[in-house]
Structure formats: C-alpha cells, structure tokens
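To be precise, the following lines are my_file.pdb, and they hold PDB, C-alpha atoms and all ligand atoms.
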ATOM      1  CA  MET A 157      -1.073  -3.283 -12.155
ATOM      2  CA  ILE A 158       0.979  -0.117 -12.576
ATOM      3  CA  ASN A 159       0.511   3.535 -11.653
ATOM      4  CA  CYS A 160      -2.992   3.194 -10.205
ATOM      5  CA  ILE A 161      -4.908   4.851  -7.411
ATOM      6  CA  VAL A 162      -7.301   2.479  -5.651
ATOM      7  CA  SER A 163      -9.527   4.331  -3.224
ATOM      8  CA  GLY A 164     -12.996   4.358  -1.741
ATOM      9  CA  ASN A 165     -13.840   0.711  -2.349
ATOM     10  CA  TRP A 166     -15.860  -1.397   0.039
ATOM     11  CA  ALA A 167     -16.119  -5.172   0.544
ATOM     12  CA  ARG A 168     -18.536  -7.118   2.670
ATOM     13  CA  GLY A 169     -15.757  -9.663   3.329
ATOM     14  CA  ASN A 170     -12.069  -9.498   2.396
ATOM     15  CA  GLY A 171      -9.976  -7.427   0.021
ATOM     16  CA  ALA A 172     -11.769  -4.195  -0.785
ATOM     17  CA  GLY A 173      -9.016  -2.774  -3.018
ATOM     18  CA  VAL A 174      -7.610  -5.967  -4.544
ATOM     19  CA  TYR A 175      -8.644  -9.509  -3.647
ATOM     20  CA  ASN A 176      -6.356 -12.193  -5.081
ATOM     21  CA  LYS A 177      -7.942 -15.627  -5.399
ATOM     22  CA  ASN A 178      -7.166 -18.951  -7.085
ATOM     23  CA  GLY A 179      -3.405 -18.395  -7.297
ATOM     24  CA  SER A 180      -3.571 -14.847  -8.611
ATOM     25  CA  SER A 181      -0.152 -13.250  -8.102
ATOM     26  CA  PRO A 182      -0.087  -9.822  -9.701
ATOM     27  CA  ALA A 183       2.820  -7.433  -9.742
ATOM     28  CA  ILE A 184       1.476  -4.257  -8.148
ATOM     29  CA  THR A 185       3.813  -1.327  -8.797
ATOM     30  CA  ASN A 186       3.627   2.417  -8.139
ATOM     31  CA  CYS A 187       0.095   2.224  -6.745
ATOM     32  CA  THR A 188      -1.621   4.092  -3.944
ATOM     33  CA  PHE A 189      -4.247   2.283  -1.872
ATOM     34  CA  ASN A 190      -6.185   4.624   0.374
ATOM     35  CA  ALA A 191      -9.520   4.522   2.193
ATOM     36  CA  ASN A 192     -10.651   1.089   1.113
ATOM     37  CA  LYS A 193     -12.703  -0.830   3.664
ATOM     38  CA  ALA A 194     -13.136  -4.591   4.124
ATOM     39  CA  LEU A 195     -15.658  -5.550   6.779
ATOM     40  CA  ALA A 196     -13.953  -8.855   7.653
ATOM     41  CA  ILE A 197     -11.646  -8.710  10.660
ATOM     42  CA  ASP A 198      -8.052  -8.619   9.380
ATOM     43  CA  GLY A 199      -9.584  -8.783   5.933
ATOM     44  CA  GLY A 200      -7.168  -6.537   4.051
ATOM     45  CA  GLY A 201      -8.949  -3.351   3.160
ATOM     46  CA  GLY A 202      -6.150  -2.554   0.713
ATOM     47  CA  ILE A 203      -4.921  -5.896  -0.603
ATOM     48  CA  CYS A 204      -6.016  -9.385   0.453
ATOM     49  CA  SER A 205      -4.623 -12.620  -0.920
ATOM     50  CA  GLU A 206      -6.309 -15.934  -0.408
ATOM     51  CA  THR A 207      -4.346 -18.459   1.637
ATOM     52  CA  GLY A 208      -3.560 -21.926   0.317
ATOM     53  CA  THR A 209      -4.072 -21.448  -3.416
ATOM     54  CA  GLY A 210      -0.646 -20.077  -4.363
ATOM     55  CA  CYS A 211      -1.430 -16.381  -4.361
ATOM     56  CA  ALA A 212       1.774 -14.353  -4.006
ATOM     57  CA  PRO A 213       1.577 -10.743  -5.194
ATOM     58  CA  THR A 214       4.739  -8.708  -5.663
ATOM     59  CA  ILE A 215       4.142  -5.248  -4.232
ATOM     60  CA  THR A 216       6.673  -2.565  -5.126
ATOM     61  CA  ASN A 217       6.784   1.178  -4.553
ATOM     62  CA  CYS A 218       3.225   1.394  -3.232
ATOM     63  CA  VAL A 219       1.539   3.436  -0.541
ATOM     64  CA  LEU A 220      -1.062   1.678   1.618
ATOM     65  CA  TRP A 221      -2.526   4.188   4.017
ATOM     66  CA  LYS A 222      -5.781   4.473   5.959
ATOM     67  CA  ASN A 223      -7.295   1.351   4.547
ATOM     68  CA  ILE A 224      -9.669  -0.211   7.044
ATOM     69  CA  ASP A 225     -10.751  -3.689   8.049
ATOM     70  CA  GLY A 226     -13.034  -5.123  10.682
ATOM     71  CA  VAL A 227     -14.364  -2.475  13.011
ATOM     72  CA  ASP A 228     -12.451   0.608  11.917
ATOM     73  CA  SER A 229      -9.036  -0.975  12.306
ATOM     74  CA  GLU A 230      -6.227   0.729  10.393
ATOM     75  CA  ASP A 231      -3.551  -1.775  11.336
ATOM     76  CA  GLU A 232      -1.110  -3.667   9.136
ATOM     77  CA  SER A 233      -3.652  -6.354   8.246
ATOM     78  CA  ALA A 234      -6.029  -3.642   7.087
ATOM     79  CA  GLN A 235      -3.452  -2.611   4.498
ATOM     80  CA  ILE A 236      -2.175  -5.999   3.251
ATOM     81  CA  THR A 237      -3.162  -9.458   4.429
ATOM     82  CA  GLY A 238      -2.534 -13.004   3.245
ATOM     83  CA  PRO A 239       0.503 -14.425   1.458
ATOM     84  CA  VAL A 240       2.840 -12.199  -0.563
ATOM     85  CA  ASN A 241       5.896 -12.793  -2.701
ATOM     86  CA  SER A 242       7.445  -9.540  -1.546
ATOM     87  CA  VAL A 243       6.627  -6.029  -0.383
ATOM     88  CA  THR A 244       9.451  -3.580  -1.066
ATOM     89  CA  TYR A 245       9.996   0.174  -1.423
ATOM     90  CA  SER A 246       6.550   0.725   0.051
ATOM     91  CA  CYS A 247       4.816   2.665   2.777
ATOM     92  CA  ILE A 248       2.511   0.503   4.887
ATOM     93  CA  GLN A 249       0.509   1.807   7.810
ATOM     94  CA  ASP A 250       0.507  -0.243  10.992
ATOM     95  CA  ASP A 251      -0.632   0.153  14.603
ATOM     96  CA  ASP A 252       2.258   2.464  15.430
ATOM     97  CA  PRO A 253       3.303   4.510  12.414
ATOM     98  CA  GLY A 254       6.773   5.978  12.606
ATOM     99  CA  ASP A 255       8.143   3.638  15.279
ATOM    100  CA  THR A 256      10.899   1.065  14.896
ATOM    101  CA  TYR A 257       8.631  -1.786  13.788
ATOM    102  CA  ILE A 258       7.894  -1.506  10.074
ATOM    103  CA  PRO A 259       5.779  -4.115   8.270
ATOM    104  CA  PHE A 260       7.029  -6.592   5.695
ATOM    105  CA  GLY A 261      10.692  -6.667   6.518
ATOM    106  CA  GLY A 262      11.007  -3.013   7.398
ATOM    107  CA  SER A 263      14.015  -1.038   6.284
ATOM    108  CA  ALA A 264      15.760  -4.163   4.975
ATOM    109  CA  ASN A 265      13.098  -4.164   2.257
ATOM    110  CA  ASN A 266      13.165  -0.371   1.971
ATOM    111  CA  ASN A 267       9.699  -0.100   3.506
ATOM    112  CA  ILE A 268       8.540   2.662   5.817
ATOM    113  CA  ASP A 269       5.478   3.262   7.987
ATOM    114  CA  ASP A 270       5.470   7.064   8.099
ATOM    115  CA  ASP A 271       2.420   9.167   7.309
ATOM    116  CA  PRO A 272       2.601  10.027   3.594
ATOM    117  CA  LYS A 273       1.061  13.440   4.358
ATOM    118  CA  PHE A 274      -1.131  13.622   1.314
ATOM    119  CA  ASP A 275      -1.367  17.311   0.461
ATOM    120  CA  LEU A 276      -5.134  17.502   0.156
ATOM    121  CA  TYR A 277      -6.304  14.399   1.971
ATOM    122  CA  GLY A 278     -10.022  13.807   1.617
ATOM    123  CA  GLN A 279     -10.212  15.799  -1.587
ATOM    124  CA  TRP A 280      -9.295  12.947  -3.918
ATOM    125  CA  ASP A 281      -5.789  14.282  -4.257
ATOM    126  CA  TRP A 282      -2.904  12.023  -3.315
ATOM    127  CA  ARG A 283      -0.004  14.317  -3.991
ATOM    128  CA  MET A 284       2.652  14.547  -1.332
ATOM    129  CA  PRO A 285       4.469  17.658  -0.206
ATOM    130  CA  GLU A 286       6.989  18.845  -2.741
ATOM    131  CA  GLY A 287      10.509  17.872  -1.871
ATOM    132  CA  ASP A 288       9.411  15.902   1.170
ATOM    133  CA  ALA A 289      11.982  13.375   2.318
ATOM    134  CA  PHE A 290       9.246  10.764   2.495
ATOM    135  CA  SER A 291       8.508  10.586  -1.193
ATOM    136  CA  GLN A 292      12.167  10.483  -2.013
ATOM    137  CA  SER A 293      12.754   7.735   0.515
ATOM    138  CA  ILE A 294      10.368   5.182  -0.955
ATOM    139  CA  ILE A 295      10.641   5.921  -4.626
ATOM    140  CA  PRO A 296      13.643   4.130  -6.079
ATOM    141  CA  TRP A 297      14.906   6.800  -8.404
ATOM    142  CA  GLY A 298      16.774   5.506 -11.377
ATOM    143  CA  THR A 299      15.771   1.894 -10.868
ATOM    144  CA  ASN A 300      12.047   2.187 -11.465
ATOM    145  CA  ILE A 301      11.293   1.913 -15.157
ATOM    146  CA  TYR A 302       7.737   3.103 -14.624
ATOM    147  CA  SER A 303       8.665   6.424 -13.105
ATOM    148  CA  SER A 304      10.465   9.528 -14.200
ATOM    149  CA  SER A 305      11.962  12.073 -11.874
ATOM    150  CA  GLU A 306       9.642  14.672 -13.367
ATOM    151  CA  SER A 307       6.334  12.915 -12.788
ATOM    152  CA  TYR A 308       7.278  11.273  -9.530
ATOM    153  CA  LEU A 309       8.592  14.295  -7.762
ATOM    154  CA  HIS A 310       5.091  15.176  -6.623
ATOM    155  CA  TYR A 311       2.972  12.087  -7.040
ATOM    156  CA  THR A 312       2.875   8.769  -5.274
ATOM    157  CA  ILE A 313       1.402   6.926  -8.215
TER     158      ILE A 313
HETATM  159 CA    CA B   1      -6.898  -5.657  11.163
HETATM  160 CA    CA B   2       5.306   0.802  13.067
END
Once more with this new file: its structure as structure tokens, please.
Ligand SMILES: [Ca+2]
Ligand SMILES: [Ca+2]
Amino acid sequence: MINCIVSGNWARGNGAGVYNKNGSSPAITNCTFNANKALAIDGGGGICSETGTGCAPTITNCVLWKNIDGVDSEDESAQITGPVNSVTYSCIQDDDPGDTYIPFGGSANNNIDDDPKFDLYGQWDWRMPEGDAFSQSIIPWGTNIYSSSESYLHYTI
C-alpha cells in the first residue's frame, strides 16, 4: 500500500482505516491516515492488526494523526494497535504530542509525534506547510524510492 490517503472511515469494532486479519502483513509506505474512527476501545482507528495470527505490518514514512478509537480517544492506540513488524520514519499522534515520549521506538526509529499542521485541515487537503521542518524530518530523502524531492516537498503522501 503506497502513496495513499486513508481518511473518514468508520468501523463498528476495530481498524477503521486498515484492519489486518489472518496473518495479513502489508507494507504500508508514504500513507496518511487521518480522521478514521473505530468504536472499539483501543481499537486502532488508523491501523489495527489482529493479535495471534501472525499479522505484522511494516509501516514506513506514514502520518497517523487524529484517528479516533473508543470514546473520542486520539491516543497512540487510536492510531496503530496490535502487532507490527516495524514503524519507522513516521508521525504518530499520542496522548502528549511533542513531548519526549514518541511511539514505536521514538527517535531511534526516526518517528516523531509532532502535529503535522495540515495546511487546510478539514478541507480534504493534507498538504503541509512549505519548507516546514516537520515534513523534512520524517521523509527520508534520497532513500525512499517512492518519493521524489519535487512531489514530496509539499505532500505527506
Ligand atoms: Ca485508545
Ligand atoms: Ca508524546
């Protein structure tokens, strides 16, 4: 799954954006998950992977922001829950964005938890401010075969 925006989905249970079951272990790269809602508590509004069946997604260079689970929770488990292979070069919202705790290995995995500051949030536009240090900090220039400096200067996808 490459260069996708996943937004505005709703699930009665787990995994509103992506729900991995039965060992599904996709590579999810250059994707933005925003405003997906799973009603289950800690149900992974953005990405949920079933426990105990070998699911292990590899999540790279993704933004997971303002996904919701349970009763309007926007914590870490609302963004990604369940087993993963790895989460790297990504922005993941948690209870305290911008503090020293950063989900999924933090800075050692090149993850951040800062507000991506979508330019026109709520207007189906996920661009980030031009030249913002944020976008440059999570996008691995020169090592990401799916991106070019031209198209990724302004877009998270
Ligand atoms: Ca939660
Ligand atoms: Ca934090």
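Put simply, the PyMOL selection byres (((chain A and resi 207) around 10) and not hetatm) in this file takes in Asn176, Lys177, Asn178, Gly179, Cys204, Ser205, Glu206, Gly208, Thr209, Gly210, Cys211, Ala212, Thr237, Gly238, Pro239 and Val240 of chain A.
Across the model, the gap from CA of Ile248 (chain A) to CA of Asn267 (chain A) is 7.3 Å.
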**Study point:** Protein and nucleic acid residues within 6 Å of ligand CA 1 (chain B) (only C-alpha atoms and all ligand atoms) as a ChimeraX atom specification
**Key:** /A:197-198,225,229,231,233-234
Exercise for review: Output the residue selection produced by the PyMOL selection byres (((not hetatm)) within 9 of (chain B and resi 2)) on the file above, formatted as a list of chain:residue names.
Suggested key: A:Glu232, A:Ile248, A:Gln249, A:Asp250, A:Asp251, A:Asp252, A:Pro253, A:Gly254, A:Asp255, A:Thr256, A:Tyr257, A:Ile258, A:Pro259, A:Gly262, A:Ile268, A:Asp269, A:Asp270
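Atom pair CA of Gly171 (chain A) / CA of Gly261 (chain A) has a distance of 21.7 Å (rounded to one decimal).
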